[in-house]
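Here is the structure we will look at, set down as structure tokens.
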Amino acid sequence: MVNLQIDSLTKSFGDHILFENITFSILEGQRIGLIAKNGAGKTTLLNIIAGKEGYDSGEVVFRRDITVGYLEQDPVYPENLNVLEACFYHGNHLIELIKEYELAMATEGNPGLEALLTRMEYEKAWDYERKAKQILTQLKITDFTQPVNQLSGGQLKRIALANALITEPDLLILDEPTNHLDLDMIEWLEGYLQKSNLSLLMVTHDRYFLDRVCSEILEIDNKQIYSYKGNYSYYLEKREERVDAKNQEIARATNLYRTELEWMRRMPQARAHKAKYREDAFYDLEKVAKQRQNNDTIQLNVKSSYIGSKIFEAEHVYKSYDNVKILEDFSYIFARYEKMGIVGNNGTGKSTFIKILQGEVKPDSGTIEVGETVRFGYYSQSGLQFNEEMKVIDVVQDIAEVIELGNGKQLSASQFLQHFLFTPETQHNYVYKLSGGERRRLYLCTILMRNPNFLVLDEPTNDLDIITLNILEEYLQNFKGCLIVVSHDRYFMDKVVDHLLVFNGQGDVRDFPGNYSDYRAWKALQEQKKKEEEKPVEEKKQRVRTTEKQKLSFKEKREFEQLEQEIATLEEEKKVIESALCSGTLSVDELTEKSKRLPILTDLIDEKTMRWLELSEIES
């Protein structure tokens, strides 16, 4: 069943066309990720579908009686609402009923309460309110009466997410849902969406999230839309094939164009006698030959300034705010060329640690010494400030006309901007015309082009498109300097850092020798062991044999062997389903059925793998 059909949709701003005559549909149960460069129209397309923005031509047709939920990138609520009221702000008749009940309870004498209680019971609205509070709690919002004008932008985004989820729409549209969520919340949201039956259209830069939640990718590129019947990993492979094929087509057209151009130029006085079909074909060929295919895999090896052996040394550092401990007797010596990731829940002190390192915040006690040769490049959430009336190229040229690459090579400011996907046309746009993601990209350029030797990146992936993230990751992998990254983007962290500093809260900071995926696997194993240790003594006695060395029982050995077979079978089934989803030959019913089966398989594989790891610990 088709929930949404888009036909020949075109949208432009003045003479700038975002997309032209794009057509696609969203089926019942289908989960689609939308990918494009910043400024290509991702958010605009979502706003059009949600009815918040107009379009030039085409059709947007919904299934009759469909319900749609929309999480905007920057939600806004009336300041007079509290958290729970904001959570119910856009909703169905049940939400309106709960709002009436809340109003009656807050009014002296509780007018109409008896009738409302009867309706609440009949409509099962109590379950609805309970579900709303459960989702808010999962998103770390527990004060339901707090006024929204006291909340941060991140907290408002989480309330808006809860608002979209509790309405249980047939079609859910999400614009950057993982922004302002910590890792635990992201993984909870992954599981929530995997288990639901709703249709989904989502823009996100979180590639693990995209890979695990979506089974189809739509890409806006060069004003057109392309569909990939698989997850993000499949998309990467097939996009490469598409770009290569397009480049070959352009190369062939360019060669033929030269020949045809010579033919067109010969004997212009006899133009009227030339074959009309050949002239028409020439102009079609000219359009293809003059296309420009962006190369998004360019290596960018900007020379960093010299950095000495002494980077920074922290000794017995303490920092707290009231009763919240940030650092407690923290000591660390940062090594040359070290690449560290910082993880931890919101409020555990990650950003404060960065500010202490930068000298913006003073520790309560202890010392931090920074080496004389260290030149910081600091990308912060609050550092995005430009003169709106300046042109993009002028912002960069104010810092430097050229960027040193080393070995006598240089890049002009314009060439540097092109590496970060600013076309010559965009470079001469005024800053106020840029999208939010384009501004982030420009801010990143202004940091990198100063040739720092110690980069500190605080949530660099927020609002950056996936293509820009790929370029940034490659840059950081080749970066000849030191790096600290604070991020909730698991894919990004896995690619660029060597180890983690884990902030557990209340001054508990631990060094973990591995990437984020290693850390999560280790943490899951520790949590499983903790659960085992917390079981009642009687239960543990029944399960654990009192021998000098714990070994697998006969039953556990059989389970261990069976798990290996079961995991292999499940992974094979998953592979078959992914191939089928990518084949384009399935009927709508088959597509829906297999799309629902895929997240169930993923959960089963994760569950059985965790049990296999537990048994393998005993076996070894």
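Just so we're on the same page: first chain in the structure tokens is A, next is B, and so on; residues restart at 1 for each chain, and ligands are numbered from 1 in the order they show up.
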DSSP-assigned helix (DSSP H, G or I) members of range 282-455 of chain A, reported as a count of residues only: 50
For Asn504 in chain A: contacts at 7 Å, only C-alpha atoms, fewer than 3 positions along chain excluded, given as a tab-separated table (two decimals) with N, CA and C atoms, in the first residue's frame:
```
chain	number	residue	atom	x	y	z
A	344	GLY	N	30.40	9.98	26.77
A	344	GLY	CA	29.73	10.03	28.07
A	344	GLY	C	28.37	10.67	27.90
A	348	THR	N	27.90	15.02	31.95
A	348	THR	CA	28.98	14.38	32.70
A	348	THR	C	30.26	15.19	32.68
A	508	ASP	N	34.16	10.47	37.62
A	508	ASP	CA	34.70	9.16	37.24
A	508	ASP	C	35.06	9.19	35.75
A	509	VAL	N	36.35	9.29	35.44
A	509	VAL	CA	36.84	9.36	34.06
A	509	VAL	C	37.81	8.20	33.83
```
Using only C-alpha atoms: which of A:Ala524, A:Leu94, A:Leu34, A:Val60 has the shortest distance to Asp465 in chain A: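 Once distances to Asp465 in chain A are computed over only C-alpha atoms, the minimum belongs to A:Leu34.
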Distance criterion (only C-alpha atoms): nearest to Ser215 in chain A out of A:Ser380, A:Ser587, A:Ser233, A:Gln5: A:Ser233
Sel. of strand (DSSP E or B) residues, range 470-604 of chain A, as a PyMOL selection string: chain A and resi 482-486+499-505+508-512
For Thr43 in chain A: contacts at 8 Å, only C-alpha atoms, fewer than 4 positions along chain excluded, given as a PyMOL selection string: chain A and resi 47+73+175+203
Kindly export the residues of the current selection with C-alpha atoms, as an mmCIF file, in the first residue's frame.
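Saved to part.cif:
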```
data_model
loop_
_atom_site.group_PDB
_atom_site.id
_atom_site.type_symbol
_atom_site.label_atom_id
_atom_site.label_comp_id
_atom_site.auth_asym_id
_atom_site.auth_seq_id
_atom_site.Cartn_x
_atom_site.Cartn_y
_atom_site.Cartn_z
ATOM 1 C CA ASN A 47 9.031 20.661 4.862
ATOM 2 C CA GLN A 73 15.345 20.212 12.716
ATOM 3 C CA ASP A 175 15.002 15.573 10.390
ATOM 4 C CA VAL A 203 17.471 12.637 7.293
#
```
Of the listed residues A:His205, A:Lys325, A:Lys99, A:Arg336, that which approaches Thr468 in chain A most closely, counting only C-alpha atoms: A:His205
Counting only C-alpha atoms, the residue of A:Lys608, A:Lys37, A:Lys535, A:Lys594 that sits nearest Glu566 in chain A: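 Ranking A:Lys608, A:Lys37, A:Lys535, A:Lys594 by distance to Glu566 in chain A, first place goes to A:Lys608.
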Show which residues sit within 8 Å of range 53-58 of chain A, as a PDB file with C-alpha atoms, in the first residue's frame. Count only C-alpha atoms, and ignore same-chain residues fewer than 6 positions away.
```pdb
ATOM      1  CA  ILE A   6       5.632  12.306  -5.023  1.00  0.00           C
ATOM      2  CA  ASP A   7       5.332  13.035  -8.776  1.00  0.00           C
ATOM      3  CA  SER A   8       7.505  15.419 -10.833  1.00  0.00           C
ATOM      4  CA  LEU A   9       8.230  17.696  -7.877  1.00  0.00           C
ATOM      5  CA  THR A  10      10.264  20.845  -8.573  1.00  0.00           C
ATOM      6  CA  LYS A  11      11.465  23.430  -6.061  1.00  0.00           C
ATOM      7  CA  SER A  12      13.632  26.494  -6.594  1.00  0.00           C
ATOM      8  CA  ASN A  21      10.910  16.719 -11.592  1.00  0.00           C
ATOM      9  CA  THR A  44      13.161  21.733   2.182  1.00  0.00           C
ATOM     10  CA  ASN A  47       9.031  20.661   4.862  1.00  0.00           C
TER      11      ASN A  47
END
```
Residue nearest Ile32 in chain A - candidates A:Thr204, A:Asn429, A:Gln565, A:Asn387, atoms counted: only C-alpha atoms: A:Thr204
Contacts of Asp329 in chain A at 12 Å (only C-alpha atoms; same-chain gap of 4+ positions) as JSON, numbers by chain: {"A": [314, 315, 316, 317, 318, 319, 320, 325, 363, 364, 365, 366, 367, 506, 507, 508, 509]}
Nearest candidate to Lys223 in chain A (options A:Glu20, A:Glu360, A:Glu313, A:Glu240; using only C-alpha atoms):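 Closest to Lys223 in chain A of all the choices is A:Glu20.
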Computed interatomic separation between CA of Asn231 in chain A and CA of Cys214 in chain A (Å): 5.9 Å
Test item: residues at most 8 Å from Ser199 in chain A, only C-alpha atoms, excluding those fewer than 6 positions along its chain, as a list of chain:residue names: A:Asn3, A:Ile26, A:Leu27, A:Glu28, A:Gly29, A:Gln30, A:Arg31, A:Asp170, A:Leu171, A:Leu172
Distance query Ala86 in chain A at most 9 Å, only C-alpha atoms, self and fewer than 5 positions along chain excluded, as JSON, numbers by chain: {"A": [77, 78, 81, 148, 156, 159, 160, 163]}
Take the residues from that selection and write them out as an mmCIF file, in the first residue's frame, keeping N, CA and C atoms.
```cif
data_model
loop_
_atom_site.group_PDB
_atom_site.id
_atom_site.type_symbol
_atom_site.label_atom_id
_atom_site.label_comp_id
_atom_site.auth_asym_id
_atom_site.auth_seq_id
_atom_site.Cartn_x
_atom_site.Cartn_y
_atom_site.Cartn_z
ATOM 1 N N TYR A 77 8.286 26.033 20.324
ATOM 2 C CA TYR A 77 7.039 25.881 21.078
ATOM 3 C C TYR A 77 6.679 27.209 21.736
ATOM 4 N N PRO A 78 5.390 27.471 21.950
ATOM 5 C CA PRO A 78 4.992 28.663 22.709
ATOM 6 C C PRO A 78 5.608 28.640 24.107
ATOM 7 N N LEU A 81 4.027 27.044 27.579
ATOM 8 C CA LEU A 81 3.791 25.612 27.792
ATOM 9 C C LEU A 81 4.828 25.035 28.743
ATOM 10 N N VAL A 148 8.915 25.417 29.089
ATOM 11 C CA VAL A 148 9.801 25.179 27.946
ATOM 12 C C VAL A 148 10.769 26.338 27.728
ATOM 13 N N LEU A 156 14.553 20.820 23.844
ATOM 14 C CA LEU A 156 13.368 21.050 23.011
ATOM 15 C C LEU A 156 13.297 20.036 21.872
ATOM 16 N N ILE A 159 11.967 16.811 23.275
ATOM 17 C CA ILE A 159 10.515 16.887 23.506
ATOM 18 C C ILE A 159 9.771 16.732 22.181
ATOM 19 N N ALA A 160 10.275 17.399 21.141
ATOM 20 C CA ALA A 160 9.652 17.293 19.818
ATOM 21 C C ALA A 160 9.714 15.863 19.296
ATOM 22 N N ASN A 163 7.092 13.978 21.098
ATOM 23 C CA ASN A 163 5.824 14.425 20.523
ATOM 24 C C ASN A 163 5.502 13.651 19.242
#
```
d(CA of Val431 in chain A, CA of Glu388 in chain A) in Å: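 Spanning CA of Val431 in chain A to CA of Glu388 in chain A is a straight-line distance of 4.9 Å.
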